[in-house]
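Just final-v4.pdb here, PDB, N, CA and C atoms:
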```pdb
ATOM      1  N   MET A 199     -88.218 125.583 -34.272
ATOM      2  CA  MET A 199     -88.307 124.574 -33.243
ATOM      3  C   MET A 199     -89.435 124.961 -32.287
ATOM      4  N   ARG A 200     -90.116 123.973 -31.798
ATOM      5  CA  ARG A 200     -91.227 124.205 -30.870
ATOM      6  C   ARG A 200     -90.729 124.777 -29.549
ATOM      7  N   GLN A 201     -91.656 125.150 -28.708
ATOM      8  CA  GLN A 201     -91.315 125.711 -27.409
ATOM      9  C   GLN A 201     -91.663 124.722 -26.306
ATOM     10  N   LEU A 202     -91.262 125.056 -25.084
ATOM     11  CA  LEU A 202     -91.580 124.247 -23.915
ATOM     12  C   LEU A 202     -92.786 124.865 -23.212
ATOM     13  N   TYR A 203     -93.642 124.020 -22.641
ATOM     14  CA  TYR A 203     -94.778 124.511 -21.871
ATOM     15  C   TYR A 203     -94.357 124.526 -20.410
ATOM     16  N   LEU A 204     -94.070 125.711 -19.890
ATOM     17  CA  LEU A 204     -93.577 125.864 -18.529
ATOM     18  C   LEU A 204     -94.428 126.880 -17.775
ATOM     19  N   ASN A 205     -94.888 126.488 -16.610
ATOM     20  CA  ASN A 205     -95.640 127.378 -15.737
ATOM     21  C   ASN A 205     -96.842 128.002 -16.451
ATOM     22  N   GLY A 206     -97.542 127.179 -17.223
ATOM     23  CA  GLY A 206     -98.774 127.627 -17.868
ATOM     24  C   GLY A 206     -98.611 128.439 -19.131
ATOM     25  N   ALA A 207     -97.416 128.465 -19.697
ATOM     26  CA  ALA A 207     -97.209 129.257 -20.917
ATOM     27  C   ALA A 207     -96.177 128.584 -21.819
ATOM     28  N   TRP A 208     -96.363 128.765 -23.121
ATOM     29  CA  TRP A 208     -95.369 128.290 -24.084
ATOM     30  C   TRP A 208     -94.238 129.305 -24.126
ATOM     31  N   ARG A 209     -93.006 128.811 -24.008
ATOM     32  CA  ARG A 209     -91.848 129.718 -24.038
ATOM     33  C   ARG A 209     -90.649 129.002 -24.640
ATOM     34  N   PRO A 210     -89.743 129.767 -25.208
ATOM     35  CA  PRO A 210     -88.544 129.152 -25.764
ATOM     36  C   PRO A 210     -87.683 128.557 -24.652
ATOM     37  N   SER A 211     -86.958 127.532 -24.988
ATOM     38  CA  SER A 211     -86.023 126.932 -24.036
ATOM     39  C   SER A 211     -84.857 127.888 -23.795
ATOM     40  N   ALA A 212     -84.277 127.802 -22.611
ATOM     41  CA  ALA A 212     -83.078 128.586 -22.316
ATOM     42  C   ALA A 212     -81.885 128.045 -23.103
ATOM     43  N   SER A 213     -82.021 126.837 -23.620
ATOM     44  CA  SER A 213     -80.970 126.202 -24.411
ATOM     45  C   SER A 213     -81.308 126.312 -25.892
ATOM     46  N   ARG A 214     -80.310 126.412 -26.715
ATOM     47  CA  ARG A 214     -80.539 126.416 -28.165
ATOM     48  C   ARG A 214     -80.474 125.003 -28.741
ATOM     49  N   GLU A 215     -80.211 124.018 -27.895
ATOM     50  CA  GLU A 215     -80.086 122.644 -28.373
ATOM     51  C   GLU A 215     -81.458 122.011 -28.579
ATOM     52  N   GLY A 216     -81.515 121.052 -29.478
ATOM     53  CA  GLY A 216     -82.761 120.357 -29.761
ATOM     54  C   GLY A 216     -82.540 118.869 -29.901
ATOM     55  N   LEU A 217     -83.653 118.157 -29.910
ATOM     56  CA  LEU A 217     -83.636 116.709 -30.091
ATOM     57  C   LEU A 217     -84.517 116.365 -31.282
ATOM     58  N   ASP A 218     -84.041 115.477 -32.132
ATOM     59  CA  ASP A 218     -84.844 115.013 -33.251
ATOM     60  C   ASP A 218     -85.882 114.014 -32.751
ATOM     61  N   VAL A 219     -87.105 114.134 -33.286
ATOM     62  CA  VAL A 219     -88.157 113.159 -33.029
ATOM     63  C   VAL A 219     -88.192 112.256 -34.253
ATOM     64  N   VAL A 220     -87.945 110.969 -34.033
ATOM     65  CA  VAL A 220     -87.788 110.030 -35.134
ATOM     66  C   VAL A 220     -88.939 109.027 -35.143
ATOM     67  N   ASN A 221     -89.526 108.830 -36.322
ATOM     68  CA  ASN A 221     -90.541 107.801 -36.493
ATOM     69  C   ASN A 221     -89.823 106.450 -36.467
ATOM     70  N   PRO A 222     -90.105 105.595 -35.483
ATOM     71  CA  PRO A 222     -89.372 104.333 -35.387
ATOM     72  C   PRO A 222     -89.653 103.373 -36.536
ATOM     73  N   ALA A 223     -90.790 103.523 -37.188
ATOM     74  CA  ALA A 223     -91.125 102.624 -38.292
ATOM     75  C   ALA A 223     -90.333 102.950 -39.554
ATOM     76  N   THR A 224     -90.070 104.248 -39.772
ATOM     77  CA  THR A 224     -89.401 104.658 -41.009
ATOM     78  C   THR A 224     -88.019 105.247 -40.772
ATOM     79  N   GLU A 225     -87.708 105.525 -39.511
ATOM     80  CA  GLU A 225     -86.468 106.196 -39.122
ATOM     81  C   GLU A 225     -86.357 107.596 -39.717
ATOM     82  N   GLU A 226     -87.491 108.151 -40.111
ATOM     83  CA  GLU A 226     -87.537 109.507 -40.650
ATOM     84  C   GLU A 226     -87.658 110.499 -39.486
ATOM     85  N   THR A 227     -86.888 111.576 -39.546
ATOM     86  CA  THR A 227     -87.028 112.641 -38.563
ATOM     87  C   THR A 227     -88.301 113.398 -38.893
ATOM     88  N   ILE A 228     -89.225 113.451 -37.918
ATOM     89  CA  ILE A 228     -90.513 114.084 -38.172
ATOM     90  C   ILE A 228     -90.657 115.432 -37.477
ATOM     91  N   ASP A 229     -89.759 115.740 -36.548
ATOM     92  CA  ASP A 229     -89.824 117.024 -35.862
ATOM     93  C   ASP A 229     -88.522 117.233 -35.097
ATOM     94  N   ARG A 230     -88.386 118.413 -34.571
ATOM     95  CA  ARG A 230     -87.258 118.748 -33.696
ATOM     96  C   ARG A 230     -87.835 119.526 -32.526
ATOM     97  N   VAL A 231     -87.503 119.112 -31.321
ATOM     98  CA  VAL A 231     -88.053 119.732 -30.114
ATOM     99  C   VAL A 231     -86.919 120.255 -29.248
ATOM    100  N   PRO A 232     -87.198 121.232 -28.388
ATOM    101  CA  PRO A 232     -86.154 121.754 -27.506
ATOM    102  C   PRO A 232     -85.642 120.671 -26.561
ATOM    103  N   ALA A 233     -84.350 120.647 -26.349
ATOM    104  CA  ALA A 233     -83.764 119.679 -25.424
ATOM    105  C   ALA A 233     -84.004 120.085 -23.978
ATOM    106  N   GLY A 234     -84.244 121.351 -23.744
ATOM    107  CA  GLY A 234     -84.397 121.834 -22.375
ATOM    108  C   GLY A 234     -83.021 122.030 -21.745
ATOM    109  N   SER A 235     -83.005 122.686 -20.625
ATOM    110  CA  SER A 235     -81.748 123.006 -19.954
ATOM    111  C   SER A 235     -81.987 122.984 -18.452
ATOM    112  N   PRO A 236     -80.924 123.037 -17.670
ATOM    113  CA  PRO A 236     -81.113 123.120 -16.220
ATOM    114  C   PRO A 236     -81.980 124.322 -15.817
ATOM    115  N   ALA A 237     -81.857 125.429 -16.510
ATOM    116  CA  ALA A 237     -82.687 126.602 -16.203
ATOM    117  C   ALA A 237     -84.162 126.304 -16.466
ATOM    118  N   ASP A 238     -84.454 125.561 -17.536
ATOM    119  CA  ASP A 238     -85.832 125.175 -17.833
ATOM    120  C   ASP A 238     -86.377 124.259 -16.732
ATOM    121  N   VAL A 239     -85.555 123.365 -16.253
ATOM    122  CA  VAL A 239     -85.968 122.465 -15.168
ATOM    123  C   VAL A 239     -86.278 123.274 -13.909
ATOM    124  N   GLU A 240     -85.458 124.259 -13.612
ATOM    125  CA  GLU A 240     -85.710 125.098 -12.430
ATOM    126  C   GLU A 240     -87.061 125.802 -12.525
ATOM    127  N   VAL A 241     -87.407 126.311 -13.694
ATOM    128  CA  VAL A 241     -88.700 126.966 -13.886
ATOM    129  C   VAL A 241     -89.827 125.955 -13.677
ATOM    130  N   ALA A 242     -89.687 124.757 -14.239
ATOM    131  CA  ALA A 242     -90.715 123.726 -14.109
ATOM    132  C   ALA A 242     -90.880 123.272 -12.664
ATOM    133  N   VAL A 243     -89.785 123.081 -11.954
ATOM    134  CA  VAL A 243     -89.849 122.646 -10.557
ATOM    135  C   VAL A 243     -90.476 123.735  -9.686
ATOM    136  N   ALA A 244     -90.116 124.974  -9.913
ATOM    137  CA  ALA A 244     -90.703 126.074  -9.140
ATOM    138  C   ALA A 244     -92.211 126.149  -9.383
ATOM    139  N   ALA A 245     -92.642 125.971 -10.623
ATOM    140  CA  ALA A 245     -94.075 125.996 -10.934
ATOM    141  C   ALA A 245     -94.793 124.830 -10.267
ATOM    142  N   ALA A 246     -94.173 123.654 -10.275
ATOM    143  CA  ALA A 246     -94.786 122.489  -9.637
ATOM    144  C   ALA A 246     -94.904 122.688  -8.131
ATOM    145  N   ARG A 247     -93.880 123.217  -7.520
ATOM    146  CA  ARG A 247     -93.934 123.473  -6.076
ATOM    147  C   ARG A 247     -95.040 124.477  -5.737
ATOM    148  N   GLU A 248     -95.188 125.491  -6.570
ATOM    149  CA  GLU A 248     -96.215 126.505  -6.331
ATOM    150  C   GLU A 248     -97.619 125.922  -6.495
ATOM    151  N   ALA A 249     -97.777 125.014  -7.448
ATOM    152  CA  ALA A 249     -99.092 124.441  -7.736
ATOM    153  C   ALA A 249     -99.484 123.313  -6.781
ATOM    154  N   LEU A 250     -98.523 122.674  -6.144
ATOM    155  CA  LEU A 250     -98.801 121.486  -5.336
ATOM    156  C   LEU A 250     -99.831 121.692  -4.228
ATOM    157  N   PRO A 251     -99.769 122.736  -3.424
ATOM    158  CA  PRO A 251    -100.749 122.853  -2.337
ATOM    159  C   PRO A 251    -102.202 122.833  -2.833
ATOM    160  N   ALA A 252    -102.513 123.620  -3.834
ATOM    161  CA  ALA A 252    -103.883 123.650  -4.356
ATOM    162  C   ALA A 252    -104.235 122.344  -5.044
ATOM    163  N   TRP A 253    -103.328 121.802  -5.820
ATOM    164  CA  TRP A 253    -103.583 120.555  -6.544
ATOM    165  C   TRP A 253    -103.825 119.413  -5.570
ATOM    166  N   SER A 254    -103.074 119.347  -4.487
ATOM    167  CA  SER A 254    -103.222 118.235  -3.548
ATOM    168  C   SER A 254    -104.536 118.312  -2.777
ATOM    169  N   ARG A 255    -105.174 119.483  -2.727
ATOM    170  CA  ARG A 255    -106.476 119.618  -2.081
ATOM    171  C   ARG A 255    -107.615 119.287  -3.032
ATOM    172  N   THR A 256    -107.304 119.087  -4.309
ATOM    173  CA  THR A 256    -108.306 118.752  -5.309
ATOM    174  C   THR A 256    -108.738 117.298  -5.121
ATOM    175  N   ALA A 257    -110.014 117.038  -5.286
ATOM    176  CA  ALA A 257    -110.527 115.675  -5.128
ATOM    177  C   ALA A 257    -109.865 114.736  -6.143
ATOM    178  N   PRO A 258    -109.569 113.498  -5.711
ATOM    179  CA  PRO A 258    -108.936 112.545  -6.623
ATOM    180  C   PRO A 258    -109.710 112.354  -7.921
ATOM    181  N   ALA A 259    -111.016 112.310  -7.858
ATOM    182  CA  ALA A 259    -111.812 112.123  -9.081
ATOM    183  C   ALA A 259    -111.601 113.284 -10.057
ATOM    184  N   GLU A 260    -111.480 114.487  -9.528
ATOM    185  CA  GLU A 260    -111.246 115.654 -10.388
ATOM    186  C   GLU A 260    -109.847 115.628 -10.983
ATOM    187  N   ARG A 261    -108.848 115.201 -10.176
ATOM    188  CA  ARG A 261    -107.471 115.123 -10.684
ATOM    189  C   ARG A 261    -107.347 114.081 -11.785
ATOM    190  N   ALA A 262    -108.101 113.010 -11.666
ATOM    191  CA  ALA A 262    -108.034 111.925 -12.658
ATOM    192  C   ALA A 262    -108.622 112.399 -13.967
TER     193      ALA A 262
END
```
Would you kindly transcribe this structure into structure tokens?
Amino acid sequence: MRQLYLNGAWRPSASREGLDVVNPATEETIDRVPAGSPADVEVAVAAAREALPAWSRTAPAERA
């Protein structure tokens, strides 16, 4: 199963659960991805809070 991209790095989810990615045209399962967990959300939110001050000072054209 793939990993989650959290705080600038690929890492395994804290959860062992996954979600099937289904092709809607064929209903074939084409992949399985981590479902994520509350712990994964905490890591993502902490990274976003840390990045916000510098990101918000970036020019809009650069952010786009």
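Between Ala237 of chain A and the candidates A:Ala262, A:Ala207, A:Leu202, A:Ala212, the tightest atom-to-atom separation, counting all atoms listed in the file, involves A:Ala212.
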- Task: Could you tell me, as a PyMOL selection string, which residues of chain A DSSP assigns to helix (DSSP H, G or I) when given the backbone?
- Result: chain A and resi 236-254+258-261
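The coordinates place atom CA of Val241 of chain A at 23.1 Å from atom C of Arg255 of chain A.
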The PyMOL selection byres (((chain A and resi 233 and name CA) around 9) and name CA) resolved against shown file, as a CSV table (one decimal) with N, CA and C atoms, in the coordinates of the input:
```
chain,number,residue,atom,x,y,z
A,211,SER,N,-87.0,127.5,-25.0
A,211,SER,CA,-86.0,126.9,-24.0
A,211,SER,C,-84.9,127.9,-23.8
A,213,SER,N,-82.0,126.8,-23.6
A,213,SER,CA,-81.0,126.2,-24.4
A,213,SER,C,-81.3,126.3,-25.9
A,214,ARG,N,-80.3,126.4,-26.7
A,214,ARG,CA,-80.5,126.4,-28.2
A,214,ARG,C,-80.5,125.0,-28.7
A,215,GLU,N,-80.2,124.0,-27.9
A,215,GLU,CA,-80.1,122.6,-28.4
A,215,GLU,C,-81.5,122.0,-28.6
A,216,GLY,N,-81.5,121.1,-29.5
A,216,GLY,CA,-82.8,120.4,-29.8
A,216,GLY,C,-82.5,118.9,-29.9
A,217,LEU,N,-83.7,118.2,-29.9
A,217,LEU,CA,-83.6,116.7,-30.1
A,217,LEU,C,-84.5,116.4,-31.3
A,231,VAL,N,-87.5,119.1,-31.3
A,231,VAL,CA,-88.1,119.7,-30.1
A,231,VAL,C,-86.9,120.3,-29.2
A,232,PRO,N,-87.2,121.2,-28.4
A,232,PRO,CA,-86.2,121.8,-27.5
A,232,PRO,C,-85.6,120.7,-26.6
A,234,GLY,N,-84.2,121.4,-23.7
A,234,GLY,CA,-84.4,121.8,-22.4
A,234,GLY,C,-83.0,122.0,-21.7
A,235,SER,N,-83.0,122.7,-20.6
A,235,SER,CA,-81.7,123.0,-20.0
A,235,SER,C,-82.0,123.0,-18.5
```
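The two atoms in question, atom C of Trp208 of chain A and atom C of Val243 of chain A, are spaced 15.9 Å apart.
Between atom C of Asp238 of chain A and atom CA of Arg200 of chain A lies a distance of 14.9 Å.
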Edge lengths and centre in Å to one decimal, as JSON, of the axis-aligned box that encloses all listed atoms of segment 243-250 of chain A with 8 Å added on every side?
```
{"center_x": -94.8, "center_y": 124.0, "center_z": -8.1, "size_x": 26.0, "size_y": 21.0, "size_z": 23.7}
```
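For the structure in this document, the set picked by the PyMOL selection byres ((chain A and resi 219) around 7) is Leu217, Asp218, Val220, Asn221, Glu226, Thr227, Ile228, Asp229, Arg230 and Val231 of chain A.
For the residues A:Ala245, A:Glu260, A:Glu240, A:Ala252, ranking by smallest atom-to-atom distance to Gly206 of chain A using all atoms listed in the file places A:Ala245 first.
Backbone DSSP over segment 221-253 of chain A gives strand (DSSP E) for Thr227, Ile228, Asp229, Arg230, Val231 and Pro232 of chain A.
With distances restricted to only C-alpha atoms, A:Val239 is the closest residue to Leu204 of chain A from A:Val239, A:Ser254, A:Arg261, A:Ala249.
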